[in-house]
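So this one's final.cif, mmCIF, C-alpha atoms:
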data_input
loop_
_atom_site.group_PDB
_atom_site.id
_atom_site.type_symbol
_atom_site.label_atom_id
_atom_site.label_comp_id
_atom_site.auth_asym_id
_atom_site.auth_seq_id
_atom_site.Cartn_x
_atom_site.Cartn_y
_atom_site.Cartn_z
ATOM 1 C CA MET A 26 0.000 0.000 0.000
ATOM 2 C CA LYS A 27 1.215 3.458 -0.885
ATOM 3 C CA THR A 28 1.405 6.168 1.728
ATOM 4 C CA TYR A 29 -0.807 8.964 0.481
ATOM 5 C CA ARG A 30 -0.412 12.487 1.794
ATOM 6 C CA ASN A 31 -2.620 14.543 -0.524
ATOM 7 C CA LEU A 32 -6.203 13.746 -1.485
ATOM 8 C CA TYR A 33 -7.873 15.551 -4.373
ATOM 9 C CA PHE A 34 -11.682 15.513 -4.435
ATOM 10 C CA ASP A 35 -14.029 16.324 -7.253
ATOM 11 C CA LEU A 36 -16.963 18.417 -5.980
ATOM 12 C CA ASP A 37 -20.090 17.994 -8.099
ATOM 13 C CA ARG A 38 -21.572 14.488 -7.986
ATOM 14 C CA THR A 39 -18.831 13.376 -5.583
ATOM 15 C CA LEU A 40 -19.505 15.423 -2.441
ATOM 16 C CA TRP A 41 -22.172 17.911 -3.554
ATOM 17 C CA ASP A 42 -25.280 16.107 -4.847
ATOM 18 C CA PHE A 43 -25.539 17.890 -8.181
ATOM 19 C CA GLU A 44 -28.652 16.107 -9.441
ATOM 20 C CA ALA A 45 -30.633 16.626 -6.224
ATOM 21 C CA ASN A 46 -29.650 20.271 -5.891
ATOM 22 C CA SER A 47 -30.160 20.989 -9.567
ATOM 23 C CA ARG A 48 -33.559 19.314 -9.528
ATOM 24 C CA GLU A 49 -34.680 21.342 -6.514
ATOM 25 C CA THR A 50 -33.570 24.605 -8.157
ATOM 26 C CA LEU A 51 -35.243 23.766 -11.454
ATOM 27 C CA GLN A 52 -38.472 22.833 -9.687
ATOM 28 C CA ASP A 53 -38.557 26.356 -8.257
ATOM 29 C CA ILE A 54 -37.897 27.821 -11.714
ATOM 30 C CA TYR A 55 -40.516 25.547 -13.315
ATOM 31 C CA GLN A 56 -43.186 26.862 -10.961
ATOM 32 C CA LYS A 57 -42.089 30.512 -10.988
ATOM 33 C CA TYR A 58 -42.128 30.803 -14.782
ATOM 34 C CA GLN A 59 -45.218 28.594 -15.175
ATOM 35 C CA LEU A 60 -43.450 26.200 -17.467
ATOM 36 C CA TYR A 61 -46.148 23.638 -16.670
ATOM 37 C CA ASN A 62 -48.149 25.418 -19.373
ATOM 38 C CA TYR A 63 -45.712 24.046 -21.963
ATOM 39 C CA PHE A 64 -44.196 20.806 -20.651
ATOM 40 C CA ASN A 65 -46.234 17.704 -19.833
ATOM 41 C CA ASP A 66 -44.785 17.682 -16.331
ATOM 42 C CA PHE A 67 -41.665 18.680 -14.445
ATOM 43 C CA ASP A 68 -39.847 15.463 -15.278
ATOM 44 C CA ALA A 69 -40.250 16.144 -18.999
ATOM 45 C CA PHE A 70 -38.658 19.560 -18.490
ATOM 46 C CA PHE A 71 -35.909 18.228 -16.236
ATOM 47 C CA ILE A 72 -34.906 15.307 -18.461
ATOM 48 C CA THR A 73 -34.824 17.521 -21.536
ATOM 49 C CA TYR A 74 -32.643 20.043 -19.716
ATOM 50 C CA LEU A 75 -30.231 17.370 -18.435
ATOM 51 C CA ARG A 76 -29.731 15.928 -21.918
ATOM 52 C CA ILE A 77 -29.033 19.334 -23.473
ATOM 53 C CA ASN A 78 -26.900 20.540 -20.571
ATOM 54 C CA GLU A 79 -24.641 17.466 -20.634
ATOM 55 C CA LYS A 80 -24.027 17.822 -24.369
ATOM 56 C CA LEU A 81 -23.126 21.492 -23.979
ATOM 57 C CA TRP A 82 -20.806 20.733 -21.054
ATOM 58 C CA ASP A 83 -18.960 18.254 -23.273
ATOM 59 C CA GLY A 84 -18.406 21.087 -25.732
ATOM 60 C CA TYR A 85 -17.310 23.462 -22.986
ATOM 61 C CA ARG A 86 -14.747 20.996 -21.628
ATOM 62 C CA LEU A 87 -13.367 20.535 -25.134
ATOM 63 C CA GLY A 88 -13.167 24.297 -25.601
ATOM 64 C CA SER A 89 -15.578 24.377 -28.549
ATOM 65 C CA ILE A 90 -18.133 26.607 -26.798
ATOM 66 C CA LYS A 91 -17.812 29.469 -24.344
ATOM 67 C CA LYS A 92 -19.141 29.727 -20.803
ATOM 68 C CA ASP A 93 -21.695 32.476 -21.512
ATOM 69 C CA PHE A 94 -23.147 30.486 -24.404
ATOM 70 C CA LEU A 95 -23.490 27.377 -22.238
ATOM 71 C CA ARG A 96 -25.174 29.253 -19.396
ATOM 72 C CA THR A 97 -27.945 30.629 -21.610
ATOM 73 C CA HIS A 98 -28.225 28.202 -24.490
ATOM 74 C CA ARG A 99 -28.970 25.191 -22.309
ATOM 75 C CA PHE A 100 -32.222 26.906 -21.390
ATOM 76 C CA THR A 101 -32.810 28.402 -24.843
ATOM 77 C CA ALA A 102 -32.577 24.915 -26.372
ATOM 78 C CA THR A 103 -34.738 23.366 -23.634
ATOM 79 C CA LEU A 104 -37.509 25.922 -24.129
ATOM 80 C CA GLU A 105 -37.320 25.575 -27.915
ATOM 81 C CA THR A 106 -38.284 21.890 -27.625
ATOM 82 C CA VAL A 107 -41.788 23.030 -26.632
ATOM 83 C CA GLY A 108 -41.976 25.966 -29.036
ATOM 84 C CA ILE A 109 -40.815 28.779 -26.732
ATOM 85 C CA ASN A 110 -38.425 31.028 -28.673
ATOM 86 C CA ASP A 111 -37.612 33.631 -26.047
ATOM 87 C CA GLU A 112 -33.921 34.456 -25.621
ATOM 88 C CA ALA A 113 -34.622 37.006 -22.880
ATOM 89 C CA LEU A 114 -36.537 34.439 -20.810
ATOM 90 C CA ALA A 115 -33.802 31.847 -21.291
ATOM 91 C CA GLU A 116 -31.190 34.342 -20.131
ATOM 92 C CA LYS A 117 -33.266 35.268 -17.080
ATOM 93 C CA ILE A 118 -33.697 31.602 -16.151
ATOM 94 C CA GLY A 119 -30.000 30.924 -16.764
ATOM 95 C CA ASN A 120 -28.950 33.734 -14.448
ATOM 96 C CA GLU A 121 -31.400 32.661 -11.770
ATOM 97 C CA TYR A 122 -30.196 29.077 -11.941
ATOM 98 C CA ILE A 123 -26.579 30.166 -11.426
ATOM 99 C CA GLU A 124 -27.653 32.391 -8.533
ATOM 100 C CA LYS A 125 -29.885 29.901 -6.711
ATOM 101 C CA SER A 126 -28.436 26.434 -7.322
ATOM 102 C CA PRO A 127 -25.194 26.899 -5.323
ATOM 103 C CA LEU A 128 -27.289 27.820 -2.285
ATOM 104 C CA LYS A 129 -28.698 24.286 -2.144
ATOM 105 C CA THR A 130 -26.999 22.082 0.413
ATOM 106 C CA GLN A 131 -27.688 18.406 -0.287
ATOM 107 C CA LEU A 132 -24.526 16.321 0.039
ATOM 108 C CA PHE A 133 -24.017 12.632 -0.605
ATOM 109 C CA GLU A 134 -24.489 10.399 2.403
ATOM 110 C CA GLY A 135 -21.357 10.195 4.520
ATOM 111 C CA ALA A 136 -19.617 13.215 2.973
ATOM 112 C CA ILE A 137 -19.148 15.143 6.215
ATOM 113 C CA GLU A 138 -18.245 12.050 8.235
ATOM 114 C CA LEU A 139 -15.649 11.045 5.665
ATOM 115 C CA LEU A 140 -14.040 14.491 5.546
ATOM 116 C CA GLU A 141 -13.932 14.682 9.354
ATOM 117 C CA TYR A 142 -12.169 11.312 9.354
ATOM 118 C CA LEU A 143 -9.672 12.268 6.642
ATOM 119 C CA LYS A 144 -8.869 15.839 7.660
ATOM 120 C CA PRO A 145 -6.479 15.006 10.552
ATOM 121 C CA LYS A 146 -4.599 12.471 8.425
ATOM 122 C CA TYR A 147 -4.219 14.097 4.992
ATOM 123 C CA LYS A 148 -4.073 17.354 3.094
ATOM 124 C CA LEU A 149 -7.387 17.732 1.276
ATOM 125 C CA TYR A 150 -7.984 19.617 -1.962
ATOM 126 C CA ILE A 151 -10.753 20.160 -4.517
ATOM 127 C CA ILE A 152 -10.267 19.909 -8.293
ATOM 128 C CA THR A 153 -13.449 20.939 -10.097
ATOM 129 C CA ASN A 154 -14.533 21.902 -13.606
ATOM 130 C CA GLY A 155 -17.404 24.034 -12.297
ATOM 131 C CA PHE A 156 -17.821 27.791 -12.690
ATOM 132 C CA LYS A 157 -15.738 29.889 -10.320
ATOM 133 C CA GLU A 158 -18.652 32.069 -9.174
ATOM 134 C CA VAL A 159 -20.590 29.094 -7.807
ATOM 135 C CA GLN A 160 -18.113 26.490 -6.551
ATOM 136 C CA HIS A 161 -16.856 28.478 -3.562
ATOM 137 C CA ILE A 162 -20.459 29.305 -2.615
ATOM 138 C CA LYS A 163 -21.394 25.617 -2.652
ATOM 139 C CA LEU A 164 -18.529 24.791 -0.300
ATOM 140 C CA GLN A 165 -19.430 27.641 2.054
ATOM 141 C CA GLN A 166 -23.163 26.902 2.114
ATOM 142 C CA CYS A 167 -22.573 23.241 2.910
ATOM 143 C CA GLY A 168 -19.965 23.914 5.595
ATOM 144 C CA LEU A 169 -17.167 22.245 3.623
ATOM 145 C CA THR A 170 -14.707 25.101 3.122
ATOM 146 C CA HIS A 171 -12.636 24.455 6.242
ATOM 147 C CA PHE A 172 -11.854 20.889 5.206
ATOM 148 C CA PHE A 173 -9.854 21.917 2.141
ATOM 149 C CA ASP A 174 -6.440 23.529 1.994
ATOM 150 C CA LYS A 175 -6.974 24.751 -1.556
ATOM 151 C CA VAL A 176 -9.653 24.704 -4.241
ATOM 152 C CA PHE A 177 -8.603 24.335 -7.882
ATOM 153 C CA ILE A 178 -11.267 25.507 -10.344
ATOM 154 C CA SER A 179 -10.682 24.838 -14.030
ATOM 155 C CA GLU A 180 -11.856 28.281 -15.057
ATOM 156 C CA GLU A 181 -9.255 29.882 -12.805
ATOM 157 C CA ILE A 182 -6.314 27.639 -13.641
ATOM 158 C CA GLY A 183 -6.947 27.572 -17.390
ATOM 159 C CA TYR A 184 -7.374 23.817 -17.833
ATOM 160 C CA SER A 185 -10.235 21.374 -17.371
ATOM 161 C CA LYS A 186 -10.185 17.749 -16.313
ATOM 162 C CA PRO A 187 -9.382 15.273 -17.842
ATOM 163 C CA ARG A 188 -6.445 17.201 -19.349
ATOM 164 C CA PRO A 189 -3.195 16.213 -17.604
ATOM 165 C CA GLU A 190 -2.279 19.899 -17.243
ATOM 166 C CA THR A 191 -5.129 20.228 -14.732
ATOM 167 C CA PHE A 192 -3.706 17.589 -12.423
ATOM 168 C CA HIS A 193 -0.152 18.820 -12.928
ATOM 169 C CA TYR A 194 -1.161 22.348 -11.958
ATOM 170 C CA ALA A 195 -2.911 21.197 -8.783
ATOM 171 C CA ILE A 196 -0.152 18.851 -7.653
ATOM 172 C CA SER A 197 2.749 21.153 -8.446
ATOM 173 C CA SER A 198 0.999 24.101 -6.769
ATOM 174 C CA VAL A 199 1.171 22.344 -3.409
ATOM 175 C CA GLN A 200 4.581 20.725 -3.953
ATOM 176 C CA SER A 201 3.041 17.266 -3.957
ATOM 177 C CA LEU A 202 4.413 14.119 -5.587
ATOM 178 C CA LYS A 203 2.423 11.834 -7.878
ATOM 179 C CA GLU A 204 3.039 8.794 -5.689
ATOM 180 C CA GLU A 205 1.678 10.653 -2.645
ATOM 181 C CA SER A 206 -1.484 11.814 -4.440
ATOM 182 C CA LEU A 207 -4.930 10.276 -4.819
ATOM 183 C CA MET A 208 -7.843 11.571 -6.929
ATOM 184 C CA ILE A 209 -11.416 10.879 -5.759
ATOM 185 C CA GLY A 210 -14.253 11.437 -8.188
ATOM 186 C CA ASP A 211 -17.447 10.143 -9.757
ATOM 187 C CA ASP A 212 -16.731 10.537 -13.473
ATOM 188 C CA LEU A 213 -14.829 7.615 -14.947
ATOM 189 C CA GLU A 214 -13.579 9.510 -17.989
ATOM 190 C CA ILE A 215 -12.977 12.955 -16.513
ATOM 191 C CA ASP A 216 -11.808 12.267 -12.942
ATOM 192 C CA ILE A 217 -10.521 8.721 -12.907
ATOM 193 C CA LEU A 218 -9.001 8.091 -16.330
ATOM 194 C CA GLY A 219 -7.756 11.672 -16.430
ATOM 195 C CA ALA A 220 -5.878 11.118 -13.178
ATOM 196 C CA LYS A 221 -4.669 7.687 -14.304
ATOM 197 C CA LYS A 222 -3.295 9.097 -17.545
ATOM 198 C CA TYR A 223 -1.409 11.731 -15.575
ATOM 199 C CA GLY A 224 0.028 9.030 -13.341
ATOM 200 C CA ILE A 225 -1.755 9.324 -9.994
ATOM 201 C CA ASP A 226 -3.914 6.783 -8.183
ATOM 202 C CA GLN A 227 -7.680 7.055 -8.181
ATOM 203 C CA VAL A 228 -10.828 6.295 -6.192
ATOM 204 C CA TYR A 229 -13.845 5.823 -8.461
ATOM 205 C CA PHE A 230 -17.049 6.760 -6.615
ATOM 206 C CA ASN A 231 -19.356 4.532 -8.649
ATOM 207 C CA GLN A 232 -22.553 4.721 -6.648
ATOM 208 C CA ASN A 233 -24.696 3.468 -9.534
ATOM 209 C CA HIS A 234 -22.479 0.426 -10.164
ATOM 210 C CA ILE A 235 -21.874 1.430 -13.786
ATOM 211 C CA PRO A 236 -20.092 -1.475 -15.491
ATOM 212 C CA HIS A 237 -16.674 -0.858 -17.022
ATOM 213 C CA ASN A 238 -13.490 -2.678 -17.948
ATOM 214 C CA GLU A 239 -10.947 -0.141 -16.712
ATOM 215 C CA ARG A 240 -8.198 -1.011 -14.255
ATOM 216 C CA ILE A 241 -8.361 1.566 -11.499
ATOM 217 C CA THR A 242 -6.833 1.787 -8.029
ATOM 218 C CA PHE A 243 -9.947 1.760 -5.824
ATOM 219 C CA GLU A 244 -13.687 1.683 -6.460
ATOM 220 C CA VAL A 245 -16.488 2.400 -3.976
ATOM 221 C CA ALA A 246 -20.260 2.620 -4.155
ATOM 222 C CA ALA A 247 -20.554 4.732 -0.988
ATOM 223 C CA LEU A 248 -18.257 7.471 0.289
ATOM 224 C CA LEU A 249 -17.731 5.894 3.695
ATOM 225 C CA GLU A 250 -16.190 2.817 2.062
ATOM 226 C CA ILE A 251 -13.109 4.997 1.519
ATOM 227 C CA LYS A 252 -12.397 4.681 5.251
ATOM 228 C CA ASN A 253 -11.619 1.002 4.642
ATOM 229 C CA PHE A 254 -8.344 1.800 2.877
ATOM 230 C CA LEU A 255 -7.406 5.337 4.002
#

Kindly present the structure from the file in structure tokens form.
Amino acid sequence: MKTYRNLYFDLDRTLWDFEANSRETLQDIYQKYQLYNYFNDFDAFFITYLRINEKLWDGYRLGSIKKDFLRTHRFTATLETVGINDEALAEKIGNEYIEKSPLKTQLFEGAIELLEYLKPKYKLYIITNGFKEVQHIKLQQCGLTHFFDKVFISEEIGYSKPRPETFHYAISSVQSLKEESLMIGDDLEIDILGAKKYGIDQVYFNQNHIPHNERITFEVAALLEIKNFL
């Protein structure tokens, strides 16, 4: 067993329950803007949004679209599926989503207990691809800020996971070594294989038991399972 000193956590979908918090925010928006007049039900709106948002995020990570376009167009495209062609409304909803969603505080089960267990033993860091104006707010609202020595946000450092430059920036910034470092995240491609390609060990938080054939260092279905080997 290696002796790890530095643990790097993803934030969204690893500690912060992105789907639950996003759903709660969009339910508020759905009611406020009376979108029930256009969609069959909230789930139809939510599923459509998730599909469009994920595709746009893929483009953003690859650098083919800009942040401002993503923030608005995900709602423009969602509304267009039911015949609403209103750029001003989409922009208003996009801004409100960015303002309200980071205030939501649902974490995955065991997140706080795990961080309390790890904090005395390791240096803890965040590496996230999220927007800079919301990620710090999420950490503060959920009472997580004090656990982490530094937060690395792709928009601030100039690189996004899974690019190796992202991991290199984070590790070199804190004078860490690859063999002392461990990446913990939920996304097989972005967090886990990105870290593996760079040359650091990984913990795949695979709560939905998604099948795969990759050789990774550790895999857990619940956060507290990490206590079994750290």

Non-local contacts of Gly224 of chain A (9 Å; all atoms listed in the file; under 5 positions in same chain excluded) as a VMD selection string: chain A and resid 189 203 to 204 219

Distance query Leu114 of chain A at most 12 Å, all atoms listed in the file, self and fewer than 2 positions along chain excluded, as a ChimeraX atom specification: /A:54,57-60,97-98,100-105,109-112,116-121

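Atom CA of Ile209 of chain A sits 12.2 Å away from atom CA of Leu139 of chain A.
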
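Across the structure, atom CA of Lys163 of chain A and atom CA of Asp42 of chain A are spaced 10.5 Å apart.
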
Closest of A:Ile217, A:Pro236, A:Leu149, A:Asn253 to Thr170 of chain A - atom-to-atom distances counting all atoms listed in the file: A:Leu149

Explicit residue set for the PyMOL selection byres ((chain A and resi 192) around 12), as a PyMOL selection string: chain A and resi 32-35+150-154+177-179+182-191+193-199+201-203+206-208+215-226

Residues returned when the PyMOL selection byres ((chain A and resi 140-145) around 10) runs on this file, as a list in words: Leu32, Leu40, Gly135, Ala136, Ile137, Glu138, Leu139, Lys146, Tyr147, Lys148, Leu149, Leu169, His171, Phe172, Phe173, Asp174, Leu248, Leu249, Ile251, Lys252 and Leu255 of chain A

Atomic distance atom CA of Tyr85 of chain A - atom CA of Glu181 of chain A, expressed in Å with one decimal: 14.5 Å

Residue neighbourhood Pro127 of chain A, 9 Å, all atoms listed in the file, exclusion window fewer than 4 positions, as an MDAnalysis selection string: chainID A and resid 46:47 122:123 159:164 166

Residue nearest Asp68 of chain A among A:Glu205, A:Asp211, A:Glu49, A:Asp83 (counting only C-alpha atoms): A:Glu49

Around all the atoms of segment 37-55 of chain A listed in the file, draw an axis-aligned box and extend it by 4 Å on each of the six sides; I want its centre and edge lengths in Å to one decimal, as lines of an AutoDock Vina configuration file.
center_x = -29.7
center_y = 20.6
center_z = -7.9
size_x = 29.7
size_y = 22.4
size_z = 18.9

Reference answer for the PyMOL selection byres ((chain A and resi 228) around 7), as a ChimeraX atom specification: /A:208-210,227,229-230,242-244

Closest of A:Thr50, A:Asn65, A:Asn31, A:Asn78 to Lys129 of chain A - atom-to-atom distances counting only C-alpha atoms: A:Thr50

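Distance check against Phe43 of chain A using all atoms listed in the file: of A:Asn231, A:Ser89, A:Gln131, A:Thr28, the minimum falls on A:Gln131.
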